[in-house]
file structure.pdb (PDB, C-alpha atoms)
ATOM      1  CA  MET L   1     102.156  91.917 111.954
ATOM      2  CA  ILE L   2     102.023  95.104 109.866
ATOM      3  CA  ASN L   3     104.056  93.529 107.064
ATOM      4  CA  HIS L   4     101.848  90.418 107.194
ATOM      5  CA  LEU L   5      98.720  92.535 106.702
ATOM      6  CA  ILE L   6     100.317  94.346 103.767
ATOM      7  CA  THR L   7     101.485  91.193 102.005
ATOM      8  CA  GLN L   8      98.017  89.650 102.249
ATOM      9  CA  LYS L   9      96.800  92.226  99.717
ATOM     10  CA  ASN L  10      97.051  91.398  96.019
ATOM     11  CA  TRP L  11      99.993  92.846  94.165
ATOM     12  CA  GLN L  12      98.004  95.453  92.259
ATOM     13  CA  THR L  13      96.539  96.863  95.473
ATOM     14  CA  GLN L  14     100.016  97.016  96.979
ATOM     15  CA  LEU L  15     101.229  98.777  93.844
ATOM     16  CA  SER L  16      98.456 101.382  94.005
ATOM     17  CA  GLU L  17      99.106 102.039  97.707
ATOM     18  CA  ALA L  18     102.821 102.753  97.333
ATOM     19  CA  ILE L  19     104.145 105.677  99.344
ATOM     20  CA  THR L  20     104.845 108.805  97.296
ATOM     21  CA  SER L  21     105.090 111.337 100.133
ATOM     22  CA  VAL L  22     108.466 112.032 101.746
ATOM     23  CA  ASP L  23     106.723 113.286 104.887
ATOM     24  CA  GLU L  24     104.652 110.100 105.182
ATOM     25  CA  LEU L  25     107.705 107.882 104.761
ATOM     26  CA  LEU L  26     109.668 109.767 107.410
ATOM     27  CA  SER L  27     106.683 109.683 109.760
ATOM     28  CA  ILE L  28     106.267 105.911 109.435
ATOM     29  CA  LEU L  29     109.973 105.410 110.185
ATOM     30  CA  GLN L  30     109.978 108.025 112.988
ATOM     31  CA  LEU L  31     112.651 110.018 111.192
ATOM     32  CA  GLU L  32     110.949 113.409 110.936
ATOM     33  CA  SER L  33     114.227 115.032 112.045
ATOM     34  CA  MET L  34     115.681 114.172 108.639
ATOM     35  CA  ARG L  35     113.237 116.375 106.751
ATOM     36  CA  ALA L  36     115.783 119.144 106.149
ATOM     37  CA  GLU L  37     118.199 116.659 104.554
ATOM     38  CA  VAL L  38     115.791 115.432 101.891
ATOM     39  CA  TYR L  39     113.715 117.093  99.224
ATOM     40  CA  VAL L  40     110.672 116.456  97.070
ATOM     41  CA  PRO L  41     111.912 115.997  93.506
ATOM     42  CA  LYS L  42     109.772 117.251  90.643
ATOM     43  CA  HIS L  43     111.258 114.626  88.352
ATOM     44  CA  PHE L  44     111.609 110.988  89.427
ATOM     45  CA  GLU L  45     109.618 111.411  92.598
ATOM     46  CA  LEU L  46     109.624 109.169  95.650
ATOM     47  CA  ARG L  47     107.859 105.840  95.154
ATOM     48  CA  VAL L  48     108.196 102.859  97.476
ATOM     49  CA  PRO L  49     105.742 100.032  98.302
ATOM     50  CA  ARG L  50     104.652  99.767 101.922
ATOM     51  CA  GLY L  51     105.824  96.164 102.187
ATOM     52  CA  PHE L  52     109.358  97.259 101.338
ATOM     53  CA  VAL L  53     109.172 100.041 103.937
ATOM     54  CA  ALA L  54     108.090  97.454 106.512
ATOM     55  CA  LYS L  55     111.478  95.769 106.032
ATOM     56  CA  MET L  56     113.256  98.961 107.160
ATOM     57  CA  ALA L  57     114.365  99.578 110.749
ATOM     58  CA  ILE L  58     112.323 102.180 112.625
ATOM     59  CA  GLY L  59     114.435 105.175 113.620
ATOM     60  CA  ASP L  60     117.523 104.135 111.636
ATOM     61  CA  ARG L  61     118.557 106.949 109.306
ATOM     62  CA  ASN L  62     121.258 104.697 107.842
ATOM     63  CA  ASP L  63     118.977 101.776 107.026
ATOM     64  CA  PRO L  64     120.336 100.290 103.754
ATOM     65  CA  LEU L  65     116.870  99.936 102.226
ATOM     66  CA  LEU L  66     115.870 103.480 103.138
ATOM     67  CA  LYS L  67     119.020 104.902 101.556
ATOM     68  CA  GLN L  68     118.076 103.339  98.222
ATOM     69  CA  VAL L  69     114.746 105.177  97.982
ATOM     70  CA  LEU L  70     114.868 108.399 100.017
ATOM     71  CA  PRO L  71     115.556 111.461  97.840
ATOM     72  CA  ASP L  72     118.747 113.116  99.088
ATOM     73  CA  GLN L  73     119.755 116.729  98.681
ATOM     74  CA  GLN L  74     123.008 115.458  97.152
ATOM     75  CA  GLU L  75     121.065 114.430  94.033
ATOM     76  CA  GLN L  76     120.822 118.097  93.118
ATOM     77  CA  ILE L  77     124.595 118.582  92.950
ATOM     78  CA  ASN L  78     126.014 118.558  89.414
ATOM     79  CA  VAL L  79     129.075 116.316  89.342
ATOM     80  CA  THR L  80     131.364 116.213  86.316
ATOM     81  CA  GLY L  81     131.131 112.908  84.465
ATOM     82  CA  TYR L  82     127.661 111.997  85.738
ATOM     83  CA  VAL L  83     125.178 112.433  82.906
ATOM     84  CA  ALA L  84     121.522 111.825  82.018
ATOM     85  CA  ASP L  85     122.234 108.961  79.606
ATOM     86  CA  PRO L  86     125.378 107.233  80.915
ATOM     87  CA  LEU L  87     125.019 104.233  78.588
ATOM     88  CA  SER L  88     124.064 106.205  75.456
ATOM     89  CA  GLU L  89     120.891 104.151  75.147
ATOM     90  CA  ASN L  90     119.105 106.868  73.224
ATOM     91  CA  THR L  91     121.374 106.058  70.283
ATOM     92  CA  GLN L  92     120.803 102.308  70.388
ATOM     93  CA  ASN L  93     117.079 101.906  69.821
ATOM     94  CA  PRO L  94     116.641 101.187  66.095
ATOM     95  CA  VAL L  95     112.935 100.500  66.653
ATOM     96  CA  LYS L  96     110.638 102.223  69.123
ATOM     97  CA  GLY L  97     110.598 100.202  72.345
ATOM     98  CA  LEU L  98     113.632  98.086  71.433
ATOM     99  CA  LEU L  99     117.304  98.427  72.384
ATOM    100  CA  HIS L 100     119.887  96.380  70.487
ATOM    101  CA  LYS L 101     123.197  96.624  72.324
ATOM    102  CA  TYR L 102     124.366  93.000  72.299
ATOM    103  CA  GLN L 103     124.657  90.752  69.255
ATOM    104  CA  SER L 104     122.317  87.891  70.141
ATOM    105  CA  ARG L 105     119.977  89.760  72.467
ATOM    106  CA  VAL L 106     117.506  92.602  72.272
ATOM    107  CA  LEU L 107     115.847  94.441  75.128
ATOM    108  CA  LEU L 108     112.238  95.617  75.084
ATOM    109  CA  THR L 109     111.109  98.539  77.233
ATOM    110  CA  ILE L 110     107.521  97.388  77.522
ATOM    111  CA  THR L 111     106.724  99.924  80.243
ATOM    112  CA  GLY L 112     108.273 103.007  81.771
ATOM    113  CA  ALA L 113     106.739 102.337  85.178
ATOM    114  CA  CYS L 114     108.382 100.807  88.238
ATOM    115  CA  ALA L 115     106.929  99.834  91.592
ATOM    116  CA  ILE L 116     109.855 101.543  93.289
ATOM    117  CA  HIS L 117     112.073 104.471  92.371
ATOM    118  CA  CYS L 118     115.659 103.605  93.222
ATOM    119  CA  ARG L 119     117.673 106.803  93.534
ATOM    120  CA  TYR L 120     120.647 105.385  91.585
ATOM    121  CA  CYS L 121     118.535 104.214  88.600
ATOM    122  CA  PHE L 122     120.492 104.629  85.360
ATOM    123  CA  ARG L 123     117.245 105.145  83.401
ATOM    124  CA  GLN L 124     115.751 107.821  85.653
ATOM    125  CA  HIS L 125     116.175 110.375  82.837
ATOM    126  CA  PHE L 126     115.239 108.016  79.977
ATOM    127  CA  ASP L 127     112.544 109.279  77.601
ATOM    128  CA  TYR L 128     110.044 106.440  78.017
ATOM    129  CA  SER L 129     107.244 108.393  76.387
ATOM    130  CA  ALA L 130     109.180 108.325  73.121
ATOM    131  CA  ASN L 131     109.993 104.632  73.419
ATOM    132  CA  MET L 132     106.821 102.879  74.536
ATOM    133  CA  PRO L 133     105.903 100.204  71.984
ATOM    134  CA  THR L 134     102.383 100.867  70.702
ATOM    135  CA  ALA L 135     100.390  98.267  68.763
ATOM    136  CA  ASP L 136     102.038  99.436  65.533
ATOM    137  CA  ALA L 137     105.455  99.452  67.168
ATOM    138  CA  LYS L 138     104.943  95.870  68.329
ATOM    139  CA  GLU L 139     104.701  94.744  64.714
ATOM    140  CA  ASN L 140     107.872  96.697  63.930
ATOM    141  CA  ILE L 141     109.650  94.961  66.807
ATOM    142  CA  ILE L 142     108.682  91.545  65.495
ATOM    143  CA  ASN L 143     109.821  92.504  61.998
ATOM    144  CA  TYR L 144     113.133  93.718  63.396
ATOM    145  CA  ILE L 145     113.766  90.456  65.262
ATOM    146  CA  ASN L 146     112.860  88.434  62.177
ATOM    147  CA  ALA L 147     115.295  90.512  60.138
ATOM    148  CA  ASN L 148     118.108  89.759  62.606
ATOM    149  CA  PRO L 149     118.327  85.966  62.832
ATOM    150  CA  GLU L 150     121.271  86.146  65.254
ATOM    151  CA  VAL L 151     118.851  87.355  67.941
ATOM    152  CA  ASN L 152     117.822  84.353  70.022
ATOM    153  CA  GLU L 153     117.100  85.982  73.373
ATOM    154  CA  VAL L 154     114.674  88.751  74.267
ATOM    155  CA  ILE L 155     114.956  90.691  77.512
ATOM    156  CA  LEU L 156     111.769  92.230  78.886
ATOM    157  CA  SER L 157     112.658  95.349  80.814
ATOM    158  CA  GLY L 158     111.470  98.894  81.313
ATOM    159  CA  GLY L 159     110.701 100.261  83.792
ATOM    160  CA  ASP L 160     109.808  96.896  85.237
ATOM    161  CA  PRO L 161     108.119  94.287  83.016
ATOM    162  CA  LEU L 162     106.267  92.792  85.991
ATOM    163  CA  ASN L 163     104.669  96.183  86.578
ATOM    164  CA  VAL L 164     102.241  95.416  83.738
ATOM    165  CA  THR L 165      99.191  93.172  84.091
ATOM    166  CA  ASN L 166      99.346  89.450  83.462
ATOM    167  CA  ARG L 167      97.150  89.934  80.413
ATOM    168  CA  ARG L 168      99.555  92.381  78.817
ATOM    169  CA  LEU L 169     102.648  90.411  79.826
ATOM    170  CA  PHE L 170     101.192  87.137  78.546
ATOM    171  CA  SER L 171     100.426  88.814  75.223
ATOM    172  CA  TRP L 172     104.108  89.686  74.851
ATOM    173  CA  LEU L 173     105.081  86.131  75.797
ATOM    174  CA  ASP L 174     102.695  84.699  73.216
ATOM    175  CA  THR L 175     104.148  86.957  70.533
ATOM    176  CA  LEU L 176     107.773  86.180  71.345
ATOM    177  CA  GLU L 177     107.161  82.461  71.655
ATOM    178  CA  SER L 178     105.702  82.470  68.136
ATOM    179  CA  LEU L 179     109.153  83.397  66.773
ATOM    180  CA  PRO L 180     111.121  80.171  66.196
ATOM    181  CA  GLN L 181     114.479  81.896  66.538
ATOM    182  CA  VAL L 182     113.746  83.044  70.116
ATOM    183  CA  THR L 183     114.912  80.374  72.566
ATOM    184  CA  THR L 184     115.215  82.390  75.770
ATOM    185  CA  ILE L 185     113.037  85.072  77.341
ATOM    186  CA  ARG L 186     114.540  87.013  80.196
ATOM    187  CA  LEU L 187     112.730  89.282  82.644
ATOM    188  CA  HIS L 188     114.669  91.948  84.553
ATOM    189  CA  THR L 189     112.626  92.875  87.595
ATOM    190  CA  ARG L 190     112.650  94.398  91.069
ATOM    191  CA  LEU L 191     109.047  93.402  91.841
ATOM    192  CA  PRO L 192     109.861  90.076  93.561
ATOM    193  CA  LEU L 193     111.739  92.047  96.231
ATOM    194  CA  VAL L 194     109.454  95.041  96.670
ATOM    195  CA  ILE L 195     106.062  93.358  96.081
ATOM    196  CA  PRO L 196     106.718  89.594  96.276
ATOM    197  CA  ALA L 197     103.023  88.837  95.729
ATOM    198  CA  ARG L 198     103.586  89.777  92.082
ATOM    199  CA  LEU L 199     104.855  86.212  91.671
ATOM    200  CA  ASP L 200     101.271  84.995  91.789
ATOM    201  CA  ALA L 201     100.089  81.546  90.787
ATOM    202  CA  ALA L 202      98.843  82.663  87.363
ATOM    203  CA  LEU L 203     102.196  84.228  86.461
ATOM    204  CA  LEU L 204     104.276  81.276  87.624
ATOM    205  CA  GLU L 205     102.015  78.800  85.824
ATOM    206  CA  ARG L 206     102.260  80.736  82.558
ATOM    207  CA  LEU L 207     106.032  81.051  82.766
ATOM    208  CA  SER L 208     106.407  77.356  83.565
ATOM    209  CA  GLN L 209     104.461  76.481  80.403
ATOM    210  CA  SER L 210     106.626  78.526  78.042
ATOM    211  CA  ARG L 211     108.387  76.693  75.232
ATOM    212  CA  CYS L 212     111.311  79.091  75.805
ATOM    213  CA  HIS L 213     113.845  79.050  78.570
ATOM    214  CA  ILE L 214     112.610  81.559  81.157
ATOM    215  CA  VAL L 215     115.245  83.464  83.075
ATOM    216  CA  MET L 216     114.258  85.932  85.764
ATOM    217  CA  VAL L 217     116.979  88.338  86.814
ATOM    218  CA  ILE L 218     115.936  89.959  90.052
ATOM    219  CA  HIS L 219     117.557  93.106  91.436
ATOM    220  CA  CYS L 220     118.407  92.735  95.102
ATOM    221  CA  ASN L 221     121.115  94.859  96.702
ATOM    222  CA  HIS L 222     120.936  93.897 100.372
ATOM    223  CA  ALA L 223     120.086  90.772 102.361
ATOM    224  CA  ASN L 224     117.476  92.700 104.377
ATOM    225  CA  GLU L 225     115.335  92.903 101.235
ATOM    226  CA  ILE L 226     114.662  89.156 101.574
ATOM    227  CA  ASP L 227     112.369  88.467 104.512
ATOM    228  CA  ALA L 228     110.491  85.197 105.055
ATOM    229  CA  PRO L 229     107.526  85.948 102.722
ATOM    230  CA  THR L 230     109.883  87.154  99.987
ATOM    231  CA  ALA L 231     111.988  84.014 100.313
ATOM    232  CA  GLU L 232     108.880  81.853 100.008
ATOM    233  CA  TYR L 233     107.778  83.523  96.773
ATOM    234  CA  LEU L 234     111.262  83.188  95.274
ATOM    235  CA  GLN L 235     111.370  79.518  96.203
ATOM    236  CA  ARG L 236     107.998  78.986  94.491
ATOM    237  CA  ALA L 237     109.358  80.609  91.346
ATOM    238  CA  ARG L 238     112.414  78.371  91.402
ATOM    239  CA  ALA L 239     110.201  75.310  91.937
ATOM    240  CA  SER L 240     108.254  76.363  88.818
ATOM    241  CA  GLY L 241     111.366  75.777  86.725
ATOM    242  CA  ILE L 242     112.370  79.414  86.338
ATOM    243  CA  THR L 243     116.097  80.148  86.357
ATOM    244  CA  LEU L 244     116.645  82.830  88.995
ATOM    245  CA  LEU L 245     119.675  85.118  88.901
ATOM    246  CA  ASN L 246     120.468  88.317  90.780
ATOM    247  CA  GLN L 247     122.197  91.482  89.761
ATOM    248  CA  ALA L 248     123.161  94.041  92.358
ATOM    249  CA  VAL L 249     124.663  97.503  92.164
ATOM    250  CA  LEU L 250     127.583  98.351  94.423
ATOM    251  CA  LEU L 251     126.341 101.310  96.482
ATOM    252  CA  LYS L 252     128.402 103.288  98.967
ATOM    253  CA  GLY L 253     126.856 103.124 102.412
ATOM    254  CA  VAL L 254     124.400 100.416 101.381
ATOM    255  CA  ASN L 255     126.201  97.195 100.436
ATOM    256  CA  ASP L 256     129.887  98.057 100.060
ATOM    257  CA  THR L 257     131.129  95.860 102.919
ATOM    258  CA  LEU L 258     132.352  92.284 102.905
ATOM    259  CA  ASP L 259     129.761  91.154 105.462
ATOM    260  CA  GLY L 260     126.995  92.795 103.477
ATOM    261  CA  GLN L 261     127.934  91.089 100.224
ATOM    262  CA  VAL L 262     128.500  87.689 101.859
ATOM    263  CA  GLN L 263     125.113  87.807 103.574
ATOM    264  CA  LEU L 264     123.443  88.845 100.325
ATOM    265  CA  SER L 265     124.918  85.947  98.342
ATOM    266  CA  GLN L 266     124.100  83.415 101.043
ATOM    267  CA  ARG L 267     120.513  84.587 101.472
ATOM    268  CA  LEU L 268     119.948  84.610  97.711
ATOM    269  CA  PHE L 269     121.234  81.058  97.405
ATOM    270  CA  ALA L 270     118.937  79.894 100.215
ATOM    271  CA  CYS L 271     116.036  81.091  98.039
ATOM    272  CA  GLY L 272     117.243  79.381  94.858
ATOM    273  CA  VAL L 273     118.814  82.500  93.346
ATOM    274  CA  LEU L 274     122.382  82.595  92.015
ATOM    275  CA  PRO L 275     124.420  85.815  92.203
ATOM    276  CA  TYR L 276     125.010  86.943  88.611
ATOM    277  CA  TYR L 277     126.392  90.468  88.392
ATOM    278  CA  LEU L 278     127.734  93.028  90.826
ATOM    279  CA  HIS L 279     127.642  96.274  88.874
ATOM    280  CA  VAL L 280     129.916  99.201  89.504
ATOM    281  CA  LEU L 281     127.583 102.201  89.545
ATOM    282  CA  ASP L 282     126.528 103.653  86.195
ATOM    283  CA  LYS L 283     127.477 107.329  86.240
ATOM    284  CA  VAL L 284     123.978 108.743  86.018
ATOM    285  CA  ALA L 285     123.298 112.343  86.997
ATOM    286  CA  GLY L 286     122.096 112.577  90.584
ATOM    287  CA  ALA L 287     123.692 109.374  91.866
ATOM    288  CA  ALA L 288     127.333 110.365  92.393
ATOM    289  CA  HIS L 289     127.005 110.066  96.186
ATOM    290  CA  PHE L 290     126.417 106.310  95.797
ATOM    291  CA  ASP L 291     129.637 105.732  93.851
ATOM    292  CA  SER L 292     132.668 103.896  95.204
ATOM    293  CA  SER L 293     136.105 103.960  93.657
ATOM    294  CA  GLU L 294     137.027 101.139  91.334
ATOM    295  CA  GLN L 295     139.944 100.310  93.638
ATOM    296  CA  ALA L 296     137.563  99.875  96.574
ATOM    297  CA  ALA L 297     135.386  97.581  94.437
ATOM    298  CA  ILE L 298     138.413  95.482  93.492
ATOM    299  CA  GLU L 299     139.568  95.125  97.093
ATOM    300  CA  LEU L 300     136.061  94.088  98.133
ATOM    301  CA  TYR L 301     135.949  91.561  95.313
ATOM    302  CA  TRP L 302     139.202  89.879  96.357
ATOM    303  CA  SER L 303     137.760  89.527  99.855
ATOM    304  CA  LEU L 304     134.609  87.974  98.398
ATOM    305  CA  LEU L 305     136.658  85.441  96.461
ATOM    306  CA  ALA L 306     138.362  84.417  99.687
ATOM    307  CA  SER L 307     135.112  84.238 101.649
ATOM    308  CA  LEU L 308     132.650  82.471  99.347
ATOM    309  CA  PRO L 309     132.608  79.481  97.015
ATOM    310  CA  GLY L 310     133.004  80.536  93.390
ATOM    311  CA  TYR L 311     129.370  79.908  92.476
ATOM    312  CA  LEU L 312     128.263  82.495  95.036
ATOM    313  CA  VAL L 313     130.584  85.255  93.795
ATOM    314  CA  PRO L 314     128.896  87.496  91.206
ATOM    315  CA  LYS L 315     130.849  88.842  88.250
ATOM    316  CA  LEU L 316     132.198  92.321  88.915
ATOM    317  CA  VAL L 317     131.357  94.397  85.861
ATOM    318  CA  ARG L 318     130.835  97.866  84.515
ATOM    319  CA  GLU L 319     128.498  98.750  81.675
ATOM    320  CA  LEU L 320     129.909 101.252  79.223
ATOM    321  CA  PRO L 321     128.269 102.933  76.222
ATOM    322  CA  ASN L 322     128.743 101.414  72.787
ATOM    323  CA  ARG L 323     130.281  98.185  74.087
ATOM    324  CA  PRO L 324     128.755  94.904  72.848
ATOM    325  CA  PHE L 325     129.158  93.286  76.271
ATOM    326  CA  LYS L 326     129.355  93.980  79.995
ATOM    327  CA  VAL L 327     132.932  95.021  80.708
ATOM    328  CA  PRO L 328     134.616  92.901  83.414
ATOM    329  CA  ILE L 329     136.541  94.908  86.001
ATOM    330  CA  ASP L 330     140.232  94.003  85.846
ATOM    331  CA  ILE L 331     140.788  92.809  89.405
ATOM    332  CA  TYR L 332     144.510  92.257  88.690
ATOM    333  CA  SER L 333     145.146  95.874  87.671
ATOM    334  CA  ASN L 334     146.459  96.848  91.093
ATOM    335  CA  SER L 335     147.268  93.471  92.599
TER     336      SER L 335
END
call {"tool": "encode", "arguments": {"input": "structure.pdb", "output": "structure tokens"}}
result
Amino acid sequence: MINHLITQKNWQTQLSEAITSVDELLSILQLESMRAEVYVPKHFELRVPRGFVAKMAIGDRNDPLLKQVLPDQQEQINVTGYVADPLSENTQNPVKGLLHKYQSRVLLTITGACAIHCRYCFRQHFDYSANMPTADAKENIINYINANPEVNEVILSGGDPLNVTNRRLFSWLDTLESLPQVTTIRLHTRLPLVIPARLDAALLERLSQSRCHIVMVIHCNHANEIDAPTAEYLQRARASGITLLNQAVLLKGVNDTLDGQVQLSQRLFACGVLPYYLHVLDKVAGAAHFDSSEQAAIELYWSLLASLPGYLVPKLVRELPNRPFKVPIDIYSNS
């Protein structure tokens, strides 16, 4: 009933009412005894929508959704090899607000804001203030794309591109659709899982009318993130002609079991979403406690191949700096 009341609110209200207090979150989940194990970060603070919290189990300190958002004291431990900019993105933005890492695709950071702060986020230290595209920068972005005719796909990212208003998002769509060379527009977003109501009728109608192929890559790590209302919104998006893919991050203690990955793929498929990528963790400072060994990832992947049809097995990849592609994990290296 509580989750139903939350999801009846429009997405912007849900966004504004997100929980930012560690004490409030622990109180709601009846986990006040954990207070000594967490902290209140000054940078990259707690942020989690109430509808997402409603999917968590009361009293379960090991809830897989809670682990993704609750600041842990382990984040403060400096671990060798885990750095602020693990993908060297600060060296790959030739124009303010634009990253050009892959030959035919560019990525636009149209906002630095997210509805939820995932503790393993590889951009948690990214300097968004220096990379937000202003009105002048928008013209520079268009000029850059025009000057690189091999670019035929634009990825809207951030932050989360669905964190901005429809008016602002539609303006970007209008601009990109005016470029003949752009054939595909991709949105990388966590909003459909944490505030499903963001997939409102106006957004879906606008995306369905685009002359470009629209691909929405959602970020779902655990089957528990998809309850009945979430599934319904995803199914509406699929019915609108949007290609839905999922990328997950392999997280120790969250989704690093065979049952967890099988359930995730099956629940995604039931909603019209195909598993796309399973990322080995980017080595960002503060997230070392989420990391699994590559060998463990490979063993899990072989089990997935034996348990699921091929179309439900995501590609196991790692993203490395200065590589023009996602790097596939060599699953035969220790076979």
call {"tool": "resolve_selection", "arguments": {"input": "structure.pdb", "expression": "the PyMOL selection byres ((chain L and resi 114-124) around 6)", "output": "list of chain:residue names"}}
result
L:Arg47, L:Val48, L:Gln68, L:Val69, L:Ala113, L:His125, L:Phe126, L:Gly159, L:Asp160, L:Val284, L:Ala287
call {"tool": "resolve_selection", "arguments": {"input": "structure.pdb", "expression": "the PyMOL selection byres ((chain L and resi 317) around 9)", "output": "list in words"}}
result
Tyr277, Leu278, His279, Val280, Lys315, Leu316, Arg318, Glu319, Lys326, Val327, Pro328, Ile329 and Asp330 of chain L
call {"tool": "write_last_selection", "arguments": {"input": "structure.pdb", "atoms": "C-alpha atoms", "output": "mmCIF file, keeping the file's coordinate frame"}}
result
data_model
loop_
_atom_site.group_PDB
_atom_site.id
_atom_site.type_symbol
_atom_site.label_atom_id
_atom_site.label_comp_id
_atom_site.auth_asym_id
_atom_site.auth_seq_id
_atom_site.Cartn_x
_atom_site.Cartn_y
_atom_site.Cartn_z
ATOM 1 C CA TYR L 277 126.392 90.468 88.392
ATOM 2 C CA LEU L 278 127.734 93.028 90.826
ATOM 3 C CA HIS L 279 127.642 96.274 88.874
ATOM 4 C CA VAL L 280 129.916 99.201 89.504
ATOM 5 C CA LYS L 315 130.849 88.842 88.250
ATOM 6 C CA LEU L 316 132.198 92.321 88.915
ATOM 7 C CA ARG L 318 130.835 97.866 84.515
ATOM 8 C CA GLU L 319 128.498 98.750 81.675
ATOM 9 C CA LYS L 326 129.355 93.980 79.995
ATOM 10 C CA VAL L 327 132.932 95.021 80.708
ATOM 11 C CA PRO L 328 134.616 92.901 83.414
ATOM 12 C CA ILE L 329 136.541 94.908 86.001
ATOM 13 C CA ASP L 330 140.232 94.003 85.846
#
call {"tool": "atom_distance", "arguments": {"input": "structure.pdb", "atom1": "atom CA of L:Leu162", "atom2": "atom CA of L:Arg211"}}
result
19.5 Å
call {"tool": "atom_distance", "arguments": {"input": "structure.pdb", "atom1": "atom CA of L:Gly241", "atom2": "atom CA of L:Val194"}}
result
21.8 Å
call {"tool": "atom_distance", "arguments": {"input": "structure.pdb", "atom1": "atom CA of L:Gln12", "atom2": "atom CA of L:Phe44"}}
result
20.8 Å
call {"tool": "closest_residue", "arguments": {"input": "structure.pdb", "among": "L:Leu245, L:Thr175, L:Ile145, L:Ser303", "to": "L:Leu274", "atoms": "all atoms listed in the file"}}
result
L:Leu245
call {"tool": "residues_around", "arguments": {"input": "structure.pdb", "residues": "L:Leu107", "least_positions_apart": "5", "cutoff": "9 Å", "atoms": "only C-alpha atoms", "output": "list in words"}}
result
Gly97, Leu98, Leu99, His100, Lys101, Glu153, Val154, Ile155, Leu156, Ser157 and Gly158 of chain L
call {"tool": "resolve_selection", "arguments": {"input": "structure.pdb", "expression": "the PyMOL selection byres ((chain L and resi 52-58) around 9)", "output": "PyMOL selection string"}}
result
chain L and resi 2-3+6+19+25+28-31+48-51+59-61+63-66+193-195+224-227
call {"tool": "residues_around", "arguments": {"input": "structure.pdb", "residues": "L:Leu281", "least_positions_apart": "5", "cutoff": "7 Å", "atoms": "all atoms listed in the file", "output": "list in words"}}
result
Val249, Leu250 and Asp291 of chain L
call {"tool": "residues_around", "arguments": {"input": "structure.pdb", "residues": "L:Pro149", "least_positions_apart": "3", "cutoff": "9 Å", "atoms": "only C-alpha atoms", "output": "list of chain:residue names"}}
result
L:Ser104, L:Ile145, L:Asn146, L:Asn152, L:Gln181
call {"tool": "closest_residue", "arguments": {"input": "structure.pdb", "among": "L:Ser88, L:Gln76, L:Asn163, L:Thr184", "to": "L:Thr111", "atoms": "all atoms listed in the file"}}
result
L:Asn163
call {"tool": "closest_residue", "arguments": {"input": "structure.pdb", "among": "L:Thr183, L:Ala237, L:Gly310, L:Ala223", "to": "L:Leu203", "atoms": "only C-alpha atoms"}}
result
L:Ala237
